[in-house]
>>> print(open('work-v3.csv').read())   # CSV, C-alpha atoms
chain,number,residue,atom,x,y,z
Q,1,MET,CA,-3.8,21.5,34.4
Q,2,GLU,CA,-2.2,18.9,32.0
Q,3,PRO,CA,-4.5,18.1,29.1
Q,4,ILE,CA,-5.7,14.5,29.0
Q,5,PRO,CA,-4.5,12.6,25.9
Q,6,ALA,CA,-7.1,11.2,23.5
Q,7,GLN,CA,-8.5,7.8,24.3
Q,8,GLY,CA,-6.3,5.1,22.9
Q,9,ILE,CA,-3.1,7.2,23.5
Q,10,THR,CA,-1.0,7.3,26.6
Q,11,ILE,CA,2.2,9.3,27.1
Q,12,GLN,CA,5.0,8.6,29.5
Q,13,GLU,CA,8.5,10.0,29.9
Q,14,ARG,CA,11.4,7.7,30.1
Q,15,SER,CA,15.0,9.0,30.3
Q,16,GLY,CA,14.0,12.3,28.7
Q,17,VAL,CA,12.1,10.6,25.9
Q,18,GLN,CA,8.4,10.9,25.4
Q,19,VAL,CA,6.9,7.4,24.8
Q,20,ILE,CA,3.6,7.6,23.2
Q,21,LYS,CA,1.7,4.3,23.4
Q,22,VAL,CA,-1.1,3.9,20.9
Q,23,THR,CA,-3.9,1.3,21.2
Q,24,GLN,CA,-6.4,2.5,18.6
Q,25,ASP,CA,-6.5,1.9,14.9
Q,26,LEU,CA,-4.6,4.6,13.0
Q,27,ASP,CA,-7.0,5.4,10.2
Q,28,ASN,CA,-7.6,9.0,9.3
Q,29,TYR,CA,-9.7,9.5,12.5
Q,30,GLY,CA,-7.2,7.9,14.8
Q,31,ALA,CA,-4.3,9.5,13.0
Q,32,ALA,CA,-5.8,12.9,13.7
Q,33,ASP,CA,-5.9,12.2,17.4
Q,34,LEU,CA,-2.3,11.0,17.5
Q,35,GLU,CA,-1.2,14.0,15.4
Q,36,LYS,CA,-2.7,16.4,17.9
Q,37,GLU,CA,-0.8,14.7,20.8
Q,38,LEU,CA,2.5,14.7,18.9
Q,39,LYS,CA,2.1,18.3,17.9
Q,40,ASP,CA,1.3,19.3,21.5
Q,41,LEU,CA,4.6,17.5,22.5
Q,42,ILE,CA,6.6,19.3,19.9
Q,43,GLY,CA,4.9,22.6,20.9
Q,44,SER,CA,6.1,21.9,24.5
Q,45,LYS,CA,9.6,21.5,23.2
Q,46,ASN,CA,9.7,17.7,23.5
Q,47,TYR,CA,11.6,16.6,20.5
Q,48,LYS,CA,12.6,13.0,21.5
Q,49,LEU,CA,9.6,10.9,20.7
Q,50,VAL,CA,9.0,7.2,20.6
Q,51,VAL,CA,5.7,6.0,19.2
Q,52,ASP,CA,4.9,2.5,20.4
Q,53,LEU,CA,2.6,0.8,17.9
Q,54,SER,CA,2.8,-2.7,19.4
Q,55,LYS,CA,-1.0,-2.7,20.2
Q,56,VAL,CA,-2.0,-1.2,16.8
Q,57,ASN,CA,-3.7,-3.4,14.3
Q,58,TYR,CA,-4.2,-1.0,11.5
Q,59,VAL,CA,-2.5,2.0,9.9
Q,60,ASN,CA,-3.2,3.7,6.7
Q,61,SER,CA,-1.1,6.0,4.5
Q,62,THR,CA,-2.4,9.2,6.2
Q,63,ALA,CA,-1.1,7.9,9.6
Q,64,VAL,CA,2.3,6.9,8.2
Q,65,GLY,CA,2.7,10.2,6.4
Q,66,MET,CA,1.8,12.1,9.6
Q,67,LEU,CA,4.5,10.2,11.5
Q,68,VAL,CA,7.0,11.1,8.8
Q,69,GLY,CA,5.9,14.8,9.0
Q,70,ILE,CA,6.3,14.9,12.8
Q,71,ALA,CA,9.7,13.2,12.5
Q,72,LYS,CA,10.8,15.9,10.2
Q,73,GLN,CA,9.6,18.6,12.6
Q,74,ALA,CA,11.4,16.9,15.5
Q,75,ARG,CA,14.6,16.5,13.5
Q,76,ARG,CA,14.7,20.2,12.7
Q,77,LYS,CA,14.9,20.8,16.4
Q,78,GLY,CA,17.6,18.2,17.0
Q,79,GLY,CA,15.4,15.4,18.0
Q,80,ASP,CA,13.6,12.6,16.3
Q,81,LEU,CA,10.5,10.5,16.1
Q,82,LYS,CA,11.1,6.7,16.2
Q,83,VAL,CA,8.6,3.9,16.1
Q,84,CYS,CA,8.6,0.5,17.8
Q,85,GLY,CA,6.6,-2.7,18.0
Q,86,LEU,CA,5.3,-3.0,14.5
Q,87,LYS,CA,3.2,-6.0,13.8
Q,88,ASP,CA,3.9,-7.7,10.5
Q,89,LYS,CA,0.9,-6.2,8.7
Q,90,ILE,CA,1.8,-2.7,10.0
Q,91,ARG,CA,5.4,-3.2,8.9
Q,92,LYS,CA,4.2,-4.2,5.5
Q,93,THR,CA,2.4,-0.8,5.1
Q,94,PHE,CA,5.5,1.1,6.3
Q,95,ASP,CA,7.6,-0.8,3.8
Q,96,LEU,CA,5.2,-0.3,0.9
Q,97,LEU,CA,5.3,3.5,1.5
Q,98,GLY,CA,9.1,3.5,1.9
Q,99,ALA,CA,8.7,4.9,5.4
Q,100,SER,CA,11.0,2.2,6.7
Q,101,LYS,CA,13.8,4.1,5.1
Q,102,VAL,CA,12.7,7.4,6.6
Q,103,LEU,CA,11.9,6.4,10.1
Q,104,GLU,CA,13.9,4.4,12.5
Q,105,ILE,CA,12.0,1.3,13.5
Q,106,PHE,CA,12.7,-0.8,16.6
Q,107,ASP,CA,11.4,-4.0,18.0
Q,108,SER,CA,11.0,-2.8,21.5
Q,109,GLU,CA,10.3,0.4,23.3
Q,110,GLU,CA,13.5,0.0,25.3
Q,111,SER,CA,15.7,-0.2,22.3
Q,112,ALA,CA,14.0,2.8,20.8
Q,113,VAL,CA,14.4,4.9,24.0
Q,114,ASN,CA,18.0,3.8,24.4
Q,115,SER,CA,18.8,4.9,20.8
Q,116,PHE,CA,18.5,8.5,21.7
M,117,MET,CA,-20.4,-21.2,-0.8
M,118,VAL,CA,-21.3,-17.5,-1.0
M,119,LYS,CA,-23.5,-16.7,-3.9
M,120,GLU,CA,-22.9,-13.7,-6.2
M,121,GLY,CA,-24.6,-10.5,-5.3
M,122,GLN,CA,-24.3,-6.8,-4.8
M,123,ILE,CA,-24.2,-4.6,-1.7
M,124,GLU,CA,-24.6,-0.9,-1.7
M,125,ILE,CA,-23.4,1.2,1.2
M,126,LYS,CA,-24.1,4.9,1.6
M,127,LEU,CA,-21.5,6.5,3.8
M,128,PRO,CA,-21.9,10.0,5.3
M,129,ASN,CA,-19.0,12.2,4.4
M,130,ASN,CA,-17.2,11.6,7.7
M,131,VAL,CA,-14.0,9.6,8.0
M,132,ALA,CA,-15.2,8.4,11.5
M,133,PHE,CA,-17.5,6.0,9.7
M,134,ILE,CA,-14.9,4.3,7.6
M,135,CYS,CA,-13.9,2.0,10.4
M,136,ALA,CA,-17.3,0.3,10.2
M,137,LEU,CA,-16.9,-0.2,6.5
M,138,ARG,CA,-13.4,-1.7,7.1
M,139,ALA,CA,-14.8,-4.2,9.6
M,140,PHE,CA,-17.6,-5.1,7.2
M,141,ILE,CA,-15.4,-5.6,4.2
M,142,LYS,CA,-12.9,-7.7,6.2
M,143,SER,CA,-15.7,-9.9,7.4
M,144,LEU,CA,-17.2,-10.3,4.0
M,145,ALA,CA,-13.8,-11.1,2.4
M,146,ARG,CA,-13.1,-13.7,5.1
M,147,ARG,CA,-16.5,-15.3,4.4
M,148,ILE,CA,-15.9,-15.4,0.7
M,149,GLY,CA,-12.6,-17.2,1.3
M,150,PHE,CA,-9.8,-14.6,0.8
M,151,GLN,CA,-6.5,-15.3,2.4
M,152,SER,CA,-5.5,-13.1,5.4
M,153,SER,CA,-2.9,-11.1,3.7
M,154,LYS,CA,-5.3,-10.3,0.9
M,155,ILE,CA,-8.0,-9.3,3.3
M,156,GLU,CA,-5.5,-6.8,4.8
M,157,ASP,CA,-4.9,-5.4,1.4
M,158,ILE,CA,-8.6,-5.1,0.6
M,159,GLU,CA,-9.2,-3.3,3.9
M,160,LEU,CA,-6.4,-0.8,3.3
M,161,VAL,CA,-7.4,-0.1,-0.3
M,162,VAL,CA,-11.0,0.5,0.5
M,163,ASP,CA,-10.0,2.9,3.4
M,164,GLU,CA,-7.7,4.8,1.1
M,165,LEU,CA,-10.3,5.2,-1.6
M,166,CYS,CA,-13.0,6.3,0.8
M,167,ASN,CA,-10.7,8.8,2.3
M,168,ASN,CA,-9.8,10.1,-1.1
M,169,ALA,CA,-13.5,10.4,-2.0
M,170,MET,CA,-14.4,12.2,1.1
M,171,GLU,CA,-11.5,14.6,1.0
M,172,HIS,CA,-11.4,15.4,-2.7
M,173,GLY,CA,-14.6,14.1,-4.1
M,174,SER,CA,-18.0,14.6,-2.5
M,175,ASP,CA,-18.7,17.9,-0.7
M,176,PRO,CA,-19.2,17.6,3.1
M,177,ASN,CA,-23.0,17.2,2.8
M,178,SER,CA,-22.9,14.5,0.0
M,179,PRO,CA,-22.4,10.9,0.7
M,180,VAL,CA,-19.8,8.5,-0.6
M,181,TRP,CA,-21.2,5.3,-2.1
M,182,VAL,CA,-19.5,1.9,-1.9
M,183,ILE,CA,-20.9,-0.7,-4.2
M,184,ILE,CA,-19.5,-4.2,-3.6
M,185,SER,CA,-20.1,-6.8,-6.2
M,186,ILE,CA,-19.5,-10.4,-5.0
M,187,ARG,CA,-18.4,-12.7,-7.7
M,188,ASP,CA,-17.5,-16.3,-7.7
M,189,SER,CA,-13.7,-15.6,-7.5
M,190,ALA,CA,-13.5,-11.9,-6.9
M,191,LEU,CA,-14.6,-8.9,-5.0
M,192,ASP,CA,-15.4,-6.0,-7.3
M,193,ILE,CA,-15.6,-2.7,-5.3
M,194,LEU,CA,-16.6,0.7,-6.6
M,195,VAL,CA,-16.2,3.8,-4.5
M,196,ARG,CA,-18.3,6.7,-5.9
M,197,ASP,CA,-18.3,10.3,-5.0
M,198,GLU,CA,-20.7,12.9,-6.1
M,199,GLY,CA,-18.2,15.6,-7.0
M,200,ARG,CA,-17.6,19.1,-5.7
M,201,GLY,CA,-15.1,22.0,-6.2
M,202,GLU,CA,-12.4,19.7,-7.5
M,203,SER,CA,-14.1,18.2,-10.4
M,204,SER,CA,-13.7,14.6,-11.5
M,205,HIS,CA,-12.1,15.9,-14.7
M,206,GLN,CA,-9.5,17.8,-12.8
M,207,PHE,CA,-8.7,14.9,-10.5
M,208,LEU,CA,-8.4,12.5,-13.4
M,209,LYS,CA,-6.1,14.9,-15.2
M,210,SER,CA,-3.9,15.2,-12.1
M,211,LEU,CA,-3.7,11.4,-11.6
M,212,PRO,CA,-0.4,10.9,-13.4
M,213,ARG,CA,1.2,13.7,-11.4
M,214,ILE,CA,-0.2,12.3,-8.1
M,215,ARG,CA,1.2,8.9,-8.9
M,216,ARG,CA,4.6,10.3,-9.6
M,217,LYS,CA,4.6,12.4,-6.5
M,218,GLN,CA,3.7,9.5,-4.3
M,219,ALA,CA,7.0,7.8,-5.1
M,220,SER,CA,8.9,9.8,-2.4
M,221,PRO,CA,8.7,8.3,1.1
M,222,TYR,CA,9.4,11.8,2.5
M,223,SER,CA,6.1,13.0,1.1
M,224,GLU,CA,3.7,13.2,4.0
M,225,ARG,CA,0.5,13.1,1.9
M,226,GLY,CA,-0.8,11.7,-1.3
M,227,HIS,CA,0.2,8.1,-1.0
M,228,GLY,CA,-3.3,6.7,-1.2
M,229,ILE,CA,-3.5,6.2,-5.0
M,230,TYR,CA,-0.1,4.5,-5.0
M,231,ILE,CA,-1.4,2.0,-2.4
M,232,VAL,CA,-4.4,1.3,-4.5
M,233,GLU,CA,-2.2,0.8,-7.5
M,234,MET,CA,0.1,-1.6,-5.7
M,235,LEU,CA,-2.3,-3.7,-3.7
M,236,SER,CA,-5.3,-4.2,-6.0
M,237,ASP,CA,-5.4,-6.7,-8.8
M,238,TYR,CA,-7.2,-4.2,-11.1
M,239,PHE,CA,-8.0,-0.5,-10.7
M,240,CYS,CA,-9.7,2.1,-12.8
M,241,PHE,CA,-10.8,5.7,-12.2
M,242,SER,CA,-13.5,7.3,-14.3
M,243,SER,CA,-15.9,10.2,-14.2
M,244,ASN,CA,-19.5,9.4,-13.2
M,245,PRO,CA,-22.8,11.1,-14.3
M,246,MET,CA,-23.0,13.1,-11.0
M,247,GLY,CA,-19.8,14.9,-11.8
M,248,GLY,CA,-17.8,12.9,-9.4
M,249,THR,CA,-15.3,10.1,-9.7
M,250,ASP,CA,-15.8,6.3,-9.7
M,251,ALA,CA,-12.8,4.4,-8.3
M,252,ARG,CA,-13.1,0.7,-9.1
M,253,VAL,CA,-10.9,-2.0,-7.7
M,254,ILE,CA,-11.0,-5.8,-8.1
M,255,PHE,CA,-9.4,-8.4,-5.9
M,256,TYR,CA,-9.1,-11.9,-7.1
M,257,LYS,CA,-9.2,-14.8,-4.7
M,258,ILE,CA,-6.4,-16.7,-6.4
M,259,ASN,CA,-3.0,-14.9,-6.5
M,260,SER,CA,-2.4,-13.7,-10.0
M,261,ASP,CA,0.1,-11.7,-11.9
M,262,ILE,CA,-2.4,-9.5,-13.5
M,263,SER,CA,-0.6,-6.5,-14.7
M,264,ASP,CA,-3.5,-4.9,-16.6
M,265,LYS,CA,-3.8,-2.0,-14.3
M,266,ARG,CA,-5.0,1.3,-15.6
>>> encode(input="work-v3.csv", output="structure tokens")
Amino acid sequence: MEPIPAQGITIQERSGVQVIKVTQDLDNYGAADLEKELKDLIGSKNYKLVVDLSKVNYVNSTAVGMLVGIAKQARRKGGDLKVCGLKDKIRKTFDLLGASKVLEIFDSEESAVNSF
Amino acid sequence: MVKEGQIEIKLPNNVAFICALRAFIKSLARRIGFQSSKIEDIELVVDELCNNAMEHGSDPNSPVWVIISIRDSALDILVRDEGRGESSHQFLKSLPRIRRKQASPYSERGHGIYIVEMLSDYFCFSSNPMGGTDARVIFYKINSDISDKR
């Protein structure tokens, strides 16, 4: 039986890309939930990942660092982790940490999926 | 007008509870009259300091204290841990290295102190009598170019 993703996280496949929609705050607690889901996907050989943060109102450095870490794992396997839908305050945190230079960021889920 | 005062919060050493503190500090900062972008900065800095205190400071059974001093034109926030295996002395010695390490965006961890440094108007780390670390940050209501950060 397929495991159920954590509350605040839904996963759908689109054109061979796993789209992970997040609706909870990504503090350390939320980031741990998301990390587990992303690691499960990597473990199941899903290396094309789009994380939709359009409904997320908060991220901290732990969450951003976790996304960078997962992206590195996916890239080692020929895939990638891309993010989309950043609100201004979320983008500000990504920019502050330099993650905007490390991760590909898109306005929409569609553009992120199509970039693979 | 909000009068000056002090609020002490005792957080169990569990990151699950920090969301409540974030909501509280946002509401307080809004009531005091901080601008939205500054409130976001305050929320993030307090979160980062509490995470740091819980992970590296207090042992799992010791709380983290957050002492908020409300001043006429500023929020003065102290996050205090009670110390454990990694002593405050060791942490303070490693602070310059941590700050250098955080410069790389490819680094997955250790960015919290950098965020505190960049977003607060004043910050200071010091040892406390319990053997832990006090992390103090100040946010001024009026945008300033204060560069006296230690």
>>> residues_around(input="work-v3.csv", residues="Lys39 in chain Q", least_positions_apart="6", cutoff="12 Å", atoms="all atoms listed in the file", output="compact mmCIF listing (two decimals) with C-alpha atoms, keeping the file's coordinate frame")
# COMPACT_ATOMS: atom_id res chain seq x y z
CA PRO Q 5 -4.50 12.60 25.90
CA ALA Q 31 -4.30 9.50 13.00
CA ALA Q 32 -5.80 12.90 13.70
CA ASP Q 33 -5.90 12.20 17.40
CA LYS Q 45 9.60 21.50 23.20
CA ASN Q 46 9.70 17.70 23.50
CA TYR Q 47 11.60 16.60 20.50
CA LEU Q 49 9.60 10.90 20.70
CA MET Q 66 1.80 12.10 9.60
CA LEU Q 67 4.50 10.20 11.50
CA GLY Q 69 5.90 14.80 9.00
CA ILE Q 70 6.30 14.90 12.80
CA ALA Q 71 9.70 13.20 12.50
CA LYS Q 72 10.80 15.90 10.20
CA GLN Q 73 9.60 18.60 12.60
CA ALA Q 74 11.40 16.90 15.50
CA LEU Q 81 10.50 10.50 16.10
>>> residues_around(input="work-v3.csv", residues="Pro221 in chain M", least_positions_apart="4", cutoff="8 Å", atoms="only C-alpha atoms", output="MDAnalysis selection string")
chainID Q and resid 97:99 101:102
>>> closest_residue(input="work-v3.csv", among="M:Ile155, M:Met246, M:Asn129, M:Glu164", to="Ala63 in chain Q", atoms="only C-alpha atoms")
M:Glu164
>>> interface_residues(input="work-v3.csv", of="chain M", to="chain Q", cutoff="6 Å", atoms="all atoms listed in the file", output="PyMOL selection string")
chain M and resi 132+221+224-225
>>> residues_around(input="work-v3.csv", residues="range 148-150 of chain M", least_positions_apart="3", cutoff="12 Å", atoms="all atoms listed in the file", output="PyMOL selection string")
chain M and resi 117-121+141-145+153-159+185-191+255-259
>>> write_last_selection(input="work-v3.csv", atoms="C-alpha atoms", output="PDB file, in the coordinates of the input")
ATOM      1  CA  MET M 117     -20.400 -21.200  -0.800  1.00  0.00           C
ATOM      2  CA  VAL M 118     -21.300 -17.500  -1.000  1.00  0.00           C
ATOM      3  CA  LYS M 119     -23.500 -16.700  -3.900  1.00  0.00           C
ATOM      4  CA  GLU M 120     -22.900 -13.700  -6.200  1.00  0.00           C
ATOM      5  CA  GLY M 121     -24.600 -10.500  -5.300  1.00  0.00           C
ATOM      6  CA  ILE M 141     -15.400  -5.600   4.200  1.00  0.00           C
ATOM      7  CA  LYS M 142     -12.900  -7.700   6.200  1.00  0.00           C
ATOM      8  CA  SER M 143     -15.700  -9.900   7.400  1.00  0.00           C
ATOM      9  CA  LEU M 144     -17.200 -10.300   4.000  1.00  0.00           C
ATOM     10  CA  ALA M 145     -13.800 -11.100   2.400  1.00  0.00           C
ATOM     11  CA  SER M 153      -2.900 -11.100   3.700  1.00  0.00           C
ATOM     12  CA  LYS M 154      -5.300 -10.300   0.900  1.00  0.00           C
ATOM     13  CA  ILE M 155      -8.000  -9.300   3.300  1.00  0.00           C
ATOM     14  CA  GLU M 156      -5.500  -6.800   4.800  1.00  0.00           C
ATOM     15  CA  ASP M 157      -4.900  -5.400   1.400  1.00  0.00           C
ATOM     16  CA  ILE M 158      -8.600  -5.100   0.600  1.00  0.00           C
ATOM     17  CA  GLU M 159      -9.200  -3.300   3.900  1.00  0.00           C
ATOM     18  CA  SER M 185     -20.100  -6.800  -6.200  1.00  0.00           C
ATOM     19  CA  ILE M 186     -19.500 -10.400  -5.000  1.00  0.00           C
ATOM     20  CA  ARG M 187     -18.400 -12.700  -7.700  1.00  0.00           C
ATOM     21  CA  ASP M 188     -17.500 -16.300  -7.700  1.00  0.00           C
ATOM     22  CA  SER M 189     -13.700 -15.600  -7.500  1.00  0.00           C
ATOM     23  CA  ALA M 190     -13.500 -11.900  -6.900  1.00  0.00           C
ATOM     24  CA  LEU M 191     -14.600  -8.900  -5.000  1.00  0.00           C
ATOM     25  CA  PHE M 255      -9.400  -8.400  -5.900  1.00  0.00           C
ATOM     26  CA  TYR M 256      -9.100 -11.900  -7.100  1.00  0.00           C
ATOM     27  CA  LYS M 257      -9.200 -14.800  -4.700  1.00  0.00           C
ATOM     28  CA  ILE M 258      -6.400 -16.700  -6.400  1.00  0.00           C
ATOM     29  CA  ASN M 259      -3.000 -14.900  -6.500  1.00  0.00           C
TER      30      ASN M 259
END
>>> atom_distance(input="work-v3.csv", atom1="CA of Val195 in chain M", atom2="CA of Ser220 in chain M")
25.9 Å
>>> atom_distance(input="work-v3.csv", atom1="CA of Pro128 in chain M", atom2="CA of Gly173 in chain M")
12.6 Å
>>> atom_distance(input="work-v3.csv", atom1="CA of Ser236 in chain M", atom2="CA of Val253 in chain M")
6.3 Å
>>> residues_around(input="work-v3.csv", residues="Val50 in chain Q", least_positions_apart="4", cutoff="10 Å", atoms="all atoms listed in the file", output="VMD selection string")
chain Q and resid 11 to 14 17 to 21 80 to 84 104 to 106 109 to 110 112 to 113 116
>>> build_atoms(input="work-v3.csv", residues="range 117-147 of chain M", atoms="N, CA and C atoms", output="compact mmCIF listing (two decimals), in the frame of the given file")
# COMPACT_ATOMS: atom_id res chain seq x y z
N MET M 117 -20.97 -22.09 0.22
CA MET M 117 -20.40 -21.20 -0.80
C MET M 117 -21.25 -19.90 -0.84
N VAL M 118 -20.57 -18.76 -0.97
CA VAL M 118 -21.30 -17.50 -1.00
C VAL M 118 -21.73 -17.23 -2.44
N LYS M 119 -23.01 -16.92 -2.58
CA LYS M 119 -23.50 -16.70 -3.90
C LYS M 119 -23.18 -15.27 -4.37
N GLU M 120 -23.22 -15.06 -5.65
CA GLU M 120 -22.90 -13.70 -6.20
C GLU M 120 -24.04 -12.77 -5.76
N GLY M 121 -23.66 -11.51 -5.64
CA GLY M 121 -24.60 -10.50 -5.30
C GLY M 121 -24.00 -9.15 -5.20
N GLN M 122 -24.79 -8.16 -4.83
CA GLN M 122 -24.30 -6.80 -4.80
C GLN M 122 -24.78 -6.11 -3.51
N ILE M 123 -23.88 -5.37 -2.90
CA ILE M 123 -24.20 -4.60 -1.70
C ILE M 123 -23.90 -3.17 -1.93
N GLU M 124 -24.83 -2.31 -1.60
CA GLU M 124 -24.60 -0.90 -1.70
C GLU M 124 -24.60 -0.23 -0.36
N ILE M 125 -23.56 0.54 -0.10
CA ILE M 125 -23.40 1.20 1.20
C ILE M 125 -23.31 2.71 0.94
N LYS M 126 -24.09 3.46 1.70
CA LYS M 126 -24.10 4.90 1.60
C LYS M 126 -23.40 5.46 2.84
N LEU M 127 -22.23 6.02 2.68
CA LEU M 127 -21.50 6.50 3.80
C LEU M 127 -21.65 8.04 3.93
N PRO M 128 -21.99 8.55 5.10
CA PRO M 128 -21.90 10.00 5.30
C PRO M 128 -20.49 10.45 5.08
N ASN M 129 -20.32 11.68 4.63
CA ASN M 129 -19.00 12.20 4.40
C ASN M 129 -18.29 12.52 5.69
N ASN M 130 -17.83 11.49 6.36
CA ASN M 130 -17.20 11.60 7.70
C ASN M 130 -16.26 10.44 7.85
N VAL M 131 -14.97 10.70 7.97
CA VAL M 131 -14.00 9.60 8.00
C VAL M 131 -14.20 8.71 9.26
N ALA M 132 -14.92 9.23 10.25
CA ALA M 132 -15.20 8.40 11.50
C ALA M 132 -15.93 7.14 11.15
N PHE M 133 -16.68 7.15 10.06
CA PHE M 133 -17.50 6.00 9.70
C PHE M 133 -16.79 4.92 8.93
N ILE M 134 -15.62 5.24 8.44
CA ILE M 134 -14.90 4.30 7.60
C ILE M 134 -14.51 3.04 8.33
N CYS M 135 -14.29 3.18 9.63
CA CYS M 135 -13.90 2.00 10.40
C CYS M 135 -14.95 0.91 10.34
N ALA M 136 -16.21 1.31 10.30
CA ALA M 136 -17.30 0.30 10.20
C ALA M 136 -17.25 -0.37 8.86
N LEU M 137 -16.98 0.40 7.82
CA LEU M 137 -16.90 -0.20 6.50
C LEU M 137 -15.69 -1.17 6.43
N ARG M 138 -14.60 -0.80 7.03
CA ARG M 138 -13.40 -1.70 7.10
C ARG M 138 -13.76 -3.01 7.71
N ALA M 139 -14.43 -2.93 8.84
CA ALA M 139 -14.80 -4.20 9.60
C ALA M 139 -15.73 -5.01 8.71
N PHE M 140 -16.65 -4.35 8.03
CA PHE M 140 -17.60 -5.10 7.20
C PHE M 140 -16.91 -5.76 6.02
N ILE M 141 -16.03 -5.04 5.36
CA ILE M 141 -15.40 -5.60 4.20
C ILE M 141 -14.44 -6.73 4.55
N LYS M 142 -13.82 -6.62 5.72
CA LYS M 142 -12.90 -7.70 6.20
C LYS M 142 -13.74 -8.96 6.45
N SER M 143 -14.86 -8.77 7.11
CA SER M 143 -15.70 -9.90 7.40
C SER M 143 -16.24 -10.57 6.16
N LEU M 144 -16.63 -9.75 5.22
CA LEU M 144 -17.20 -10.30 4.00
C LEU M 144 -16.07 -11.04 3.18
N ALA M 145 -14.90 -10.44 3.10
CA ALA M 145 -13.80 -11.10 2.40
C ALA M 145 -13.40 -12.40 3.01
N ARG M 146 -13.45 -12.42 4.33
CA ARG M 146 -13.10 -13.70 5.10
C ARG M 146 -14.18 -14.72 4.73
N ARG M 147 -15.42 -14.34 4.70
CA ARG M 147 -16.50 -15.30 4.40
C ARG M 147 -16.42 -15.81 2.99
